[in-house]
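Shown next: run-v8.txt, given as compact mmCIF, C-alpha atoms and all ligand atoms.
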# COMPACT_ATOMS: atom_id res chain seq x y z
CA MET S 1 -17.40 56.68 28.86
CA LYS S 2 -15.54 57.43 25.63
CA VAL S 3 -12.76 55.11 24.53
CA LEU S 4 -9.96 55.71 22.06
CA VAL S 5 -9.74 52.79 19.62
CA ASN S 6 -6.78 53.23 17.27
CA GLU S 7 -7.50 56.77 16.05
CA SER S 8 -11.26 56.95 16.74
CA ILE S 9 -13.09 58.00 19.88
CA LEU S 10 -16.09 55.72 20.48
CA ASP S 11 -18.73 55.20 23.14
CA LYS S 12 -17.72 52.34 25.42
CA GLU S 13 -20.71 50.31 24.22
CA ALA S 14 -19.52 50.52 20.60
CA VAL S 15 -16.06 49.07 21.31
CA LYS S 16 -15.57 45.53 20.00
CA ILE S 17 -12.68 43.27 20.96
CA ASP S 18 -12.01 40.37 18.62
CA PHE S 19 -11.56 37.03 20.40
CA GLU S 20 -8.60 36.39 18.09
CA ASP S 21 -6.84 39.54 19.25
CA ARG S 22 -3.33 38.41 20.25
CA GLY S 23 -3.50 40.57 23.36
CA TYR S 24 -6.45 38.49 24.51
CA GLN S 25 -4.97 35.10 23.57
CA PHE S 26 -1.25 35.62 24.31
CA GLY S 27 -0.93 38.83 26.31
CA ASP S 28 0.92 40.00 23.19
CA GLY S 29 1.06 43.72 23.78
CA VAL S 30 2.30 46.60 25.89
CA TYR S 31 0.65 49.23 28.07
CA GLU S 32 0.97 52.40 30.15
CA VAL S 33 -0.85 54.04 33.05
CA ILE S 34 -0.60 57.83 33.27
CA ASN S 35 -1.77 60.10 36.09
CA ILE S 36 -3.88 63.13 35.27
CA TYR S 37 -3.53 66.11 37.61
CA ASN S 38 -5.77 69.09 36.88
CA GLY S 39 -6.45 67.83 33.35
CA VAL S 40 -2.72 67.51 32.62
CA PRO S 41 -1.10 64.11 31.96
CA PHE S 42 1.92 64.02 34.30
CA THR S 43 5.27 63.03 32.72
CA PHE S 44 3.36 62.50 29.46
CA ASN S 45 6.42 62.38 27.19
CA GLU S 46 8.21 59.88 29.44
CA HIS S 47 5.23 57.50 29.42
CA ILE S 48 4.78 57.76 25.65
CA GLU S 49 8.51 57.22 25.08
CA ARG S 50 8.42 54.12 27.30
CA LEU S 51 5.39 52.79 25.38
CA TYR S 52 7.21 53.09 22.06
CA ARG S 53 10.32 51.52 23.59
CA SER S 54 8.30 48.57 24.98
CA ALA S 55 6.63 48.10 21.57
CA GLN S 56 10.00 48.19 19.83
CA GLU S 57 11.46 45.64 22.25
CA ILE S 58 8.71 43.15 21.35
CA GLY S 59 9.06 43.87 17.62
CA MET S 60 5.73 45.65 17.31
CA SER S 61 5.28 48.82 15.30
CA ILE S 62 2.84 51.57 16.23
CA PRO S 63 1.40 52.99 13.01
CA TYR S 64 1.40 56.67 14.09
CA SER S 65 3.85 59.09 15.64
CA PRO S 66 4.14 59.78 19.39
CA GLU S 67 2.91 63.34 18.66
CA LYS S 68 -0.23 62.04 16.94
CA LEU S 69 -0.84 59.59 19.79
CA LYS S 70 -0.51 62.37 22.39
CA GLU S 71 -2.95 64.51 20.40
CA ASN S 72 -5.47 61.64 20.27
CA LEU S 73 -5.08 61.01 24.01
CA MET S 74 -5.68 64.70 24.78
CA SER S 75 -8.89 64.53 22.70
CA LEU S 76 -9.90 61.46 24.72
CA LEU S 77 -9.35 63.33 28.00
CA ASP S 78 -11.43 66.23 26.67
CA ALA S 79 -14.20 63.90 25.51
CA ASN S 80 -14.37 62.42 29.03
CA ASN S 81 -13.83 65.71 30.89
CA VAL S 82 -11.04 64.23 32.96
CA ILE S 83 -9.66 66.59 35.60
CA GLN S 84 -8.26 64.17 38.18
CA GLY S 85 -7.72 60.50 37.47
CA GLY S 86 -5.73 58.22 35.26
CA LEU S 87 -5.36 57.13 31.69
CA TYR S 88 -4.92 53.48 30.72
CA LEU S 89 -3.61 52.66 27.27
CA GLN S 90 -2.62 49.39 25.72
CA ILE S 91 -1.52 48.31 22.27
CA THR S 92 -1.81 44.70 21.21
CA ARG S 93 -0.20 43.18 18.17
CA GLY S 94 -3.62 42.83 16.57
CA THR S 95 -5.96 40.14 15.33
CA ALA S 96 -4.94 37.01 13.42
CA PRO S 97 -5.77 33.27 13.38
CA ARG S 98 -4.15 31.75 16.48
CA THR S 99 -0.51 30.75 16.00
CA HIS S 100 2.39 31.58 18.30
CA HIS S 101 4.39 33.21 15.52
CA TYR S 102 2.92 36.22 13.79
CA ASP S 103 2.74 38.01 10.48
CA GLU S 104 4.61 41.28 10.89
CA ALA S 105 2.04 43.00 8.68
CA ILE S 106 -0.91 42.64 11.08
CA GLU S 107 -2.33 45.89 12.33
CA SER S 108 -1.83 46.67 16.02
CA LYS S 109 -4.80 47.72 18.13
CA LEU S 110 -4.76 50.59 20.59
CA ILE S 111 -7.33 50.98 23.34
CA ALA S 112 -7.21 53.89 25.79
CA TYR S 113 -9.71 55.03 28.40
CA PRO S 114 -9.82 57.09 31.59
CA LEU S 115 -9.41 55.48 35.02
CA PRO S 116 -11.19 56.91 38.07
CA HIS S 117 -9.21 59.05 40.53
CA LYS S 118 -7.68 56.92 43.29
CA ASP S 119 -7.46 58.68 46.64
CA VAL S 120 -4.12 57.69 48.18
CA LEU S 121 -3.84 60.44 50.78
CA ALA S 122 -4.57 58.25 53.84
CA PRO S 123 -2.12 55.43 52.98
CA GLN S 124 0.48 58.03 51.94
CA THR S 125 0.11 59.69 55.33
CA ASN S 126 -0.03 56.56 57.46
CA GLY S 127 2.08 54.14 55.43
CA VAL S 128 1.27 50.67 54.19
CA THR S 129 2.55 47.14 54.79
CA ALA S 130 4.23 44.68 52.41
CA ILE S 131 5.17 41.03 52.23
CA THR S 132 8.08 39.42 50.36
CA GLU S 133 8.08 36.73 47.71
CA GLU S 134 10.56 35.09 45.35
CA ASP S 135 10.81 36.90 41.99
CA LEU S 136 10.06 34.17 39.44
CA ARG S 137 9.28 36.45 36.49
CA TRP S 138 11.05 36.34 33.13
CA LEU S 139 14.21 38.39 32.61
CA ARG S 140 12.72 41.19 30.48
CA CYS S 141 10.96 43.03 33.31
CA ASP S 142 12.10 46.28 31.63
CA ILE S 143 9.31 45.83 29.05
CA LYS S 144 5.89 47.03 30.24
CA SER S 145 4.14 44.05 28.73
CA LEU S 146 0.56 42.86 29.17
CA ASN S 147 1.95 39.54 30.48
CA LEU S 148 1.39 40.19 34.17
CA LEU S 149 0.60 36.70 35.42
CA TYR S 150 3.32 36.42 38.08
CA ASN S 151 2.74 40.04 39.13
CA ILE S 152 -0.96 39.42 39.72
CA MET S 153 -0.33 36.09 41.48
CA SER S 154 2.08 37.83 43.87
CA LYS S 155 -0.15 40.86 44.37
CA GLN S 156 -3.03 38.54 45.22
CA LYS S 157 -0.89 37.06 48.04
CA ALA S 158 -0.47 40.58 49.43
CA ALA S 159 -4.21 41.22 49.17
CA LYS S 160 -4.97 37.95 50.98
CA ALA S 161 -2.47 38.83 53.71
CA GLY S 162 -4.05 42.29 54.11
CA ALA S 163 -0.87 43.95 52.77
CA PHE S 164 -0.57 46.65 50.11
CA GLU S 165 2.29 45.24 48.05
CA THR S 166 4.49 42.18 47.55
CA ILE S 167 8.21 42.93 47.31
CA LEU S 168 9.96 40.57 44.90
CA ILE S 169 13.35 39.02 45.73
CA ARG S 170 15.58 37.42 43.09
CA GLU S 171 18.53 35.46 44.46
CA GLU S 172 18.50 37.46 47.73
CA ILE S 173 18.32 40.81 45.83
CA VAL S 174 15.28 43.07 46.14
CA THR S 175 14.17 43.82 42.59
CA GLU S 176 10.86 45.71 42.77
CA GLY S 177 7.21 45.41 43.80
CA THR S 178 4.54 43.70 41.70
CA SER S 179 3.46 47.12 40.41
CA SER S 180 5.98 49.51 41.97
CA ASN S 181 9.68 50.24 42.48
CA ILE S 182 11.19 49.77 45.94
CA PHE S 183 13.51 52.18 47.75
CA ILE S 184 15.27 51.97 51.10
CA VAL S 185 16.88 54.70 53.20
CA LYS S 186 19.84 53.78 55.43
CA ASP S 187 21.87 56.39 57.34
CA GLY S 188 20.51 59.10 55.01
CA MET S 189 21.41 57.19 51.84
CA VAL S 190 18.54 56.53 49.38
CA LYS S 191 18.99 53.26 47.52
CA THR S 192 17.09 51.49 44.74
CA HIS S 193 17.76 48.74 42.20
CA PRO S 194 19.56 49.96 39.04
CA ALA S 195 17.50 50.13 35.84
CA ASN S 196 18.23 46.93 33.95
CA ASN S 197 16.33 43.90 32.63
CA LYS S 198 15.29 42.84 36.14
CA ILE S 199 12.98 45.79 36.84
CA LEU S 200 10.61 48.15 35.10
CA ASN S 201 12.27 51.55 35.02
CA GLY S 202 9.37 53.38 36.67
CA ILE S 203 8.59 56.90 35.51
CA THR S 204 7.93 57.86 39.16
CA ARG S 205 11.29 56.23 40.09
CA MET S 206 13.07 58.33 37.45
CA LYS S 207 11.27 61.52 38.47
CA LEU S 208 12.13 60.93 42.11
CA LEU S 209 15.78 60.25 41.31
CA GLN S 210 15.91 63.57 39.41
CA ILE S 211 14.49 65.32 42.47
CA VAL S 212 16.96 63.59 44.81
CA ASP S 213 19.78 64.62 42.49
CA GLN S 214 18.58 68.23 42.25
CA HIS S 215 18.53 68.50 46.06
CA ALA S 216 21.99 66.89 46.22
CA TRP S 217 20.63 64.22 48.56
CA GLU S 218 22.73 61.06 48.67
CA TYR S 219 21.60 58.11 46.56
CA GLN S 220 22.92 54.89 45.10
CA LEU S 221 21.56 52.86 42.20
CA GLU S 222 22.81 49.57 43.58
CA PRO S 223 21.22 46.18 44.13
CA PHE S 224 20.48 45.56 47.83
CA THR S 225 19.65 42.35 49.65
CA LYS S 226 16.56 41.28 51.54
CA SER S 227 18.59 41.61 54.78
CA GLU S 228 19.44 45.23 53.90
CA LEU S 229 15.76 45.83 53.23
CA LEU S 230 14.78 44.45 56.62
CA GLU S 231 17.51 46.48 58.36
CA ALA S 232 16.66 49.76 56.58
CA ASP S 233 15.70 52.92 58.47
CA GLU S 234 12.90 53.65 56.00
CA VAL S 235 11.29 51.85 53.08
CA PHE S 236 8.98 53.24 50.43
CA LEU S 237 7.63 52.38 47.01
CA THR S 238 7.01 54.50 43.95
CA SER S 239 4.45 54.14 41.17
CA THR S 240 2.23 56.31 39.01
CA THR S 241 -0.89 55.63 41.06
CA SER S 242 0.73 55.45 44.52
CA GLU S 243 3.30 58.24 43.90
CA ILE S 244 5.58 57.91 46.97
CA MET S 245 4.11 55.45 49.41
CA PRO S 246 5.78 54.81 52.79
CA ILE S 247 6.11 51.14 53.76
CA ILE S 248 6.01 50.85 57.55
CA LYS S 249 6.24 47.06 57.80
CA VAL S 250 7.70 44.25 55.64
CA ASP S 251 6.77 40.73 56.71
CA ASP S 252 7.12 41.02 60.53
CA VAL S 253 9.63 43.86 60.58
CA VAL S 254 8.39 47.33 61.53
CA PHE S 255 10.31 50.45 60.38
CA HIS S 256 10.57 53.78 62.21
CA ASP S 257 8.10 52.70 64.93
CA GLY S 258 5.41 52.14 62.31
CA ILE S 259 5.19 55.71 61.05
CA PRO S 260 6.59 57.16 57.78
CA GLY S 261 10.21 58.25 58.25
CA PRO S 262 11.58 61.81 57.80
CA MET S 263 13.38 61.21 54.49
CA THR S 264 10.27 59.61 52.97
CA GLN S 265 8.20 62.60 54.07
CA LYS S 266 10.77 65.01 52.63
CA LEU S 267 10.67 63.15 49.32
CA GLN S 268 6.87 63.17 49.31
CA SER S 269 6.79 66.98 49.67
CA ALA S 270 9.50 67.47 47.04
CA PHE S 271 7.60 65.18 44.67
CA ARG S 272 4.36 67.11 45.26
CA GLU S 273 6.17 70.37 44.49
CA ALA S 274 7.53 68.86 41.27
CA VAL S 275 4.03 67.78 40.23
CA GLU S 276 2.64 71.27 40.91
CA LYS S 277 5.46 72.83 38.89
CA ASP S 278 5.08 70.41 35.98
CA ILE S 279 1.33 70.78 35.63
CA GLN S 280 1.59 74.57 35.63
CA SER S 281 4.28 74.78 32.95
N1 LIG S 301 7.37 48.10 38.44
C1 LIG S 301 6.32 47.44 37.94
C2 LIG S 301 6.42 45.96 37.77
C3 LIG S 301 5.14 48.12 37.60
O1 LIG S 301 4.09 47.46 37.09
C4 LIG S 301 5.07 49.52 37.81
C5 LIG S 301 3.87 50.27 37.48
O2 LIG S 301 2.83 49.76 37.20
C6 LIG S 301 6.19 50.17 38.34
C7 LIG S 301 7.33 49.44 38.63
C8 LIG S 301 6.17 51.66 38.56
O3 LIG S 301 6.25 52.33 37.34
P1 LIG S 301 5.65 53.79 37.13
O4 LIG S 301 6.31 54.67 38.16
O5 LIG S 301 6.07 54.14 35.75
O6 LIG S 301 4.19 53.71 37.32

This entry written out as structure tokens:
Amino acid sequence: MKVLVNESILDKEAVKIDFEDRGYQFGDGVYEVINIYNGVPFTFNEHIERLYRSAQEIGMSIPYSPEKLKENLMSLLDANNVIQGGLYLQITRGTAPRTHHYDEAIESKLIAYPLPHKDVLAPQTNGVTAITEEDLRWLRCDIKSLNLLYNIMSKQKAAKAGAFETILIREEIVTEGTSSNIFIVKDGMVKTHPANNKILNGITRMKLLQIVDQHAWEYQLEPFTKSELLEADEVFLTSTTSEIMPIIKVDDVVFHDGIPGPMTQKLQSAFREAVEKDIQS
């Protein structure tokens, strides 16, 4: 496997991570995961823009332009012959003797490499289950930071319970999943949490909202409660790797007799069409 390290493409075996890298010691960095369809990075600009925004929000500069980064990432995809799969990229603040505060002059470190294709057709067709858990994360969930401790702790609970995702609840309000955004459908109305500091503004979420808007389907960007979640007609999650994933059960509550609902299926087809269109243009 070839890995992009700052601006160089190296064999995986040649990549060295310093134990004083602040990403390693503090989780001091930001990241992105991008889907590759037919060799084309889907919603590439949106992901790169979000990366630069996350970096800016933590006071970290990236020493090259988004255009240069995209060029380097395309060379990485070529070097690995990626047709279907993903791209992981992270930027840490860089290496320095361990102190909490940092010298603004230290050089950030970028690592990017391809992720294997994840086949999600069966769960997308049949739906998945989820559990709920209190959202105890910090209040800058809008930053896609490497600090994922509470997310992984909560996801592990889902894994242990045999569920696909944990839905996080802050003061009775459904915020998002540990690695996804959560939507409900009630009486034809699509609803999801507004984009603010309590959620990551998912690229798939934004793409789906554009599609919903284009079709003039009804939607609301409003906080909704756990009770509304459990009384919904349909529930689904969105993320880069899961795309649009129907949730057929949350805790002990089953939706739409345990099969993906009609609105979710309509959104899945519209999303697929949008992907096809985007990767051809
Ligand atoms: N929310 C969180 C906490 C996430 O980690 C992710 C993705 O990893 C998402 C939402 C979905 O974002 P995207 O659609 O950009 O993958």

Rounded to one decimal, what separation in Å do you get between CA of Pro223 in chain S and atom C2 of ligand LIG 301 (chain S)?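 Between these atoms lies a distance of 16.1 Å.
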
Just want the residues within 8 Å of ligand LIG 301 (chain S), written as number ranges by chain, counting all atoms listed in the file. S: 32-34, 47, 141, 144, 151, 176-181, 199-206, 238-241, 243

Those residues with C-alpha atoms, as a JSON list (two decimals), in the coordinates of the input please?
[["chain", "number", "residue", "atom", "x", "y", "z"],
["S", 32, "GLU", "CA", 0.97, 52.40, 30.15],
["S", 33, "VAL", "CA", -0.85, 54.04, 33.05],
["S", 34, "ILE", "CA", -0.60, 57.83, 33.27],
["S", 47, "HIS", "CA", 5.23, 57.50, 29.42],
["S", 141, "CYS", "CA", 10.96, 43.03, 33.31],
["S", 144, "LYS", "CA", 5.89, 47.03, 30.24],
["S", 151, "ASN", "CA", 2.74, 40.04, 39.13],
["S", 176, "GLU", "CA", 10.86, 45.71, 42.77],
["S", 177, "GLY", "CA", 7.21, 45.41, 43.80],
["S", 178, "THR", "CA", 4.54, 43.70, 41.70],
["S", 179, "SER", "CA", 3.46, 47.12, 40.41],
["S", 180, "SER", "CA", 5.98, 49.51, 41.97],
["S", 181, "ASN", "CA", 9.68, 50.24, 42.48],
["S", 199, "ILE", "CA", 12.98, 45.79, 36.84],
["S", 200, "LEU", "CA", 10.61, 48.15, 35.10],
["S", 201, "ASN", "CA", 12.27, 51.55, 35.02],
["S", 202, "GLY", "CA", 9.37, 53.38, 36.67],
["S", 203, "ILE", "CA", 8.59, 56.90, 35.51],
["S", 204, "THR", "CA", 7.93, 57.86, 39.16],
["S", 205, "ARG", "CA", 11.29, 56.23, 40.09],
["S", 206, "MET", "CA", 13.07, 58.33, 37.45],
["S", 238, "THR", "CA", 7.01, 54.50, 43.95],
["S", 239, "SER", "CA", 4.45, 54.14, 41.17],
["S", 240, "THR", "CA", 2.23, 56.31, 39.01],
["S", 241, "THR", "CA", -0.89, 55.63, 41.06],
["S", 243, "GLU", "CA", 3.30, 58.24, 43.90]]

Which residue out of S:Ile248, S:Ile152, S:Met74, S:Ala232 has the minimum interatomic distance to Val3 in chain S when only C-alpha atoms are used?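 Closest candidate: S:Met74.
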
Looking at all atoms listed in the file, which of S:Glu218, S:Arg137, S:Leu51, S:Leu89 is the one that sits closest to Ser65 in chain S? S:Leu51

Select, from S:Val212, S:Met60, S:Val275, S:Val120, the residue with the minimum atom-to-atom distance to Gly188 in chain S, counting only C-alpha atoms. S:Val212

Hey, can you check how far CA of Arg140 in chain S sits from CA of Lys198 in chain S?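 These atoms are spaced 6.4 Å apart.
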
Would you kindly return, as a list of chain:residue names, each protein, DNA or RNA residue with an atom no farther than 10 Å from any atom of Gly86 in chain S, considering all atoms listed in the file and excluding same-chain residues fewer than 2 positions away? S:Val33, S:Ile34, S:Asn35, S:Ile36, S:Tyr37, S:Gly39, S:Pro41, S:Phe42, S:Leu77, S:Val82, S:Ile83, S:Gln84, S:Tyr88, S:Leu89, S:Tyr113, S:Pro114, S:Leu115, S:Pro116, S:His117, S:Lys118, S:Thr240, S:Thr241

Taking into account only C-alpha atoms, which residue in the set S:Leu76, S:Leu146, S:Leu87, S:Ala274 is nearest to Gln25 in chain S?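 Answer, going by the shortest atom-to-atom distance: S:Leu146.
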
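Reported to one decimal place, the separation of CA of Ser269 in chain S from CA of Val254 in chain S is 23.0 Å.
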
Could you check which of S:Thr132, S:Gln156, S:Ser145, S:Ser242 is closest to Thr175 in chain S, using all atoms listed in the file?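 Closest to Thr175 in chain S, using all atoms listed in the file: S:Thr132.
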
Quick one: residues within 10 Å of Leu149 in chain S, only C-alpha atoms counted, chain neighbours fewer than 4 positions away excluded, as an mmCIF file with C-alpha atoms, keeping the file's coordinate frame?
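In the end it all went to part_15.cif:
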data_model
loop_
_atom_site.group_PDB
_atom_site.id
_atom_site.type_symbol
_atom_site.label_atom_id
_atom_site.label_comp_id
_atom_site.auth_asym_id
_atom_site.auth_seq_id
_atom_site.Cartn_x
_atom_site.Cartn_y
_atom_site.Cartn_z
ATOM 1 C CA GLY S 27 -0.930 38.830 26.310
ATOM 2 C CA ARG S 137 9.280 36.450 36.490
ATOM 3 C CA MET S 153 -0.330 36.090 41.480
ATOM 4 C CA SER S 154 2.080 37.830 43.870
ATOM 5 C CA LYS S 155 -0.150 40.860 44.370
#

Which residues are close to Ile106 in chain S, i.e. within 10 Å by all atoms listed in the file, leaving aside same-chain residues fewer than 2 positions away? Reply as a list of chain:residue names.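 The filter keeps S:Met60, S:Ser61, S:Arg93, S:Gly94, S:Thr95, S:Ala96, S:Tyr102, S:Asp103, S:Glu104, S:Ser108, S:Lys109.
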
I want to know what sits within 12 Å of Arg98 in chain S, based on all atoms listed in the file, with residues of the same chain fewer than 6 positions away left out; could you give that as number ranges by chain? S: 18-26, 28

Out of S:Asn196, S:Ser227, S:Thr129, S:Ser8, which residue has the shortest atom-to-atom distance to Glu71 in chain S when counting only C-alpha atoms? S:Ser8

Write out as a PyMOL selection string which residues come within 8 Å of Met263 in chain S when counting all atoms listed in the file, dropping same-chain ones fewer than 3 positions away. chain S and resi 185+188+234+266-267
